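Engineer: There's a structure below that I have some questions on.
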Amino acid sequence: DSVHNMRVVISAVGPGADVSFLPRIAGMVHDFGGNCYESKMIQLGGEAAYIMMVAVDRGHYDELREALLASGLNVVVRVPESEWPAEAASSAESDASDPETTADVSQFIERIDASPSTAPLPGAAIRRAFFSLYGPDRPGLVRDLAQFFAKHALAIDDMDTAHASTSYGEKFTMRGQVSLTATEAQLADLYSDLVKLRAELSQYDIVLRFDEPEP
């Protein structure tokens with residue numbers, strides 16, 4: 001990492017059905033010059049929990065933190081103690097746990113639940129798929145993938161990302177399970193955009209493999 005970069009841990013909780021959840025977080029990280037190194041997303045009881053380790057220029061940290069905390073998402077932003085002197089680390093820890101710096105989760109869920117929802121089209125079926133991507137690391141990659149998922153209402157059921165230094169350069173891996181409720185026509189649109197995504201990310205090995213539709 002550059003000497004000007006610092007590691008930041010971002011964690012967030014929200015309704016699992018909200019496909020805008022990840023793109024909004026990843027988009028803000030990218031807007032302030034950050035890059036995702038590792039992340040984990042799981043769903044428990046209809047709620048999605050997301051943890052991301054990012055690198056961001058120290059000069060942009062305060063702006064990124066303020067944007068995340070003002071986003072309306074239930075977000076906690078924490079700087080690992082190794083990034084600060086002991087007294088600053090203690091201050092960062094206390095800020096992250098301060099209820100005034102995080103949105104109230106119950107109000108957040110009520111706000112999402114009150115928003116209009118689109119009913120599945122006739123003939124739609126629940127489909128689950130394995131997704132993986134491997135290739136060069138670059139800023140904005142997680143944001144771009146999250147926007148693709150959101151466009152096609154692909155819910156992330158479980159997802160891991162990792163960053164590694166190899167003899168061929170910095171590499172990024174994403175693996176997990178996604179699901180959606182879609183008709184055959186909607187699936188065709190998804191596959192059409194997947195072809196375009198593979199063309200745009202030609203340096204990456206991208207796999208999206210669906211199981212049989214559920215009854």
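Identifiers in this document derive from the order of the structure tokens: chains are assigned A, B, ..., residues are numbered from 1 separately in each chain, and ligands are numbered from 1 in order of occurrence.
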Please provide as a list of chain:residue names all residues within 12 Å of Asp193 (chain A), with the sequence filter that same-chain residues fewer than 6 positions apart are discarded (counting only C-alpha atoms).

Structural biologist: A:Leu145, A:Gln147, A:Phe148, A:Phe149, A:Lys151, A:His152, A:Gln186, A:Leu187, A:Ala199, A:Glu200, A:Leu208

Engineer: In Å, rounded to a single decimal, give me how far CA of Gly16 (chain A) is from CA of Gly72 (chain A).

Structural biologist: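 The value is 15.9 Å.
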
Engineer: Here is a test: counting only C-alpha atoms, which residue of A:Asp205, A:Asp160, A:Glu66, A:Asp57 is nearest to Val142 (chain A)?

Structural biologist: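 Nearest candidate to Val142 (chain A) out of A:Asp205, A:Asp160, A:Glu66, A:Asp57: A:Asp160.
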
Engineer: Considering only C-alpha atoms, can you say which of A:Asp18, A:Ala125, A:Val207, A:Gln43 comes closest to Arg175 (chain A)?

Structural biologist: A:Val207

Engineer: With distances taken over only C-alpha atoms, which residue among A:Ala153, A:Met6, A:Leu141, A:Leu194 lies nearest Ser179 (chain A)?

Structural biologist: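 Among A:Ala153, A:Met6, A:Leu141, A:Leu194, it is A:Ala153 that comes nearest to Ser179 (chain A).
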
Engineer: Find the residue from A:Arg24, A:Ala155, A:Asp211, A:Val8 that sits nearest to Asp62 (chain A); use only C-alpha atoms when measuring.

Structural biologist: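 Ranked by minimum distance to Asp62 (chain A), first place goes to A:Val8.
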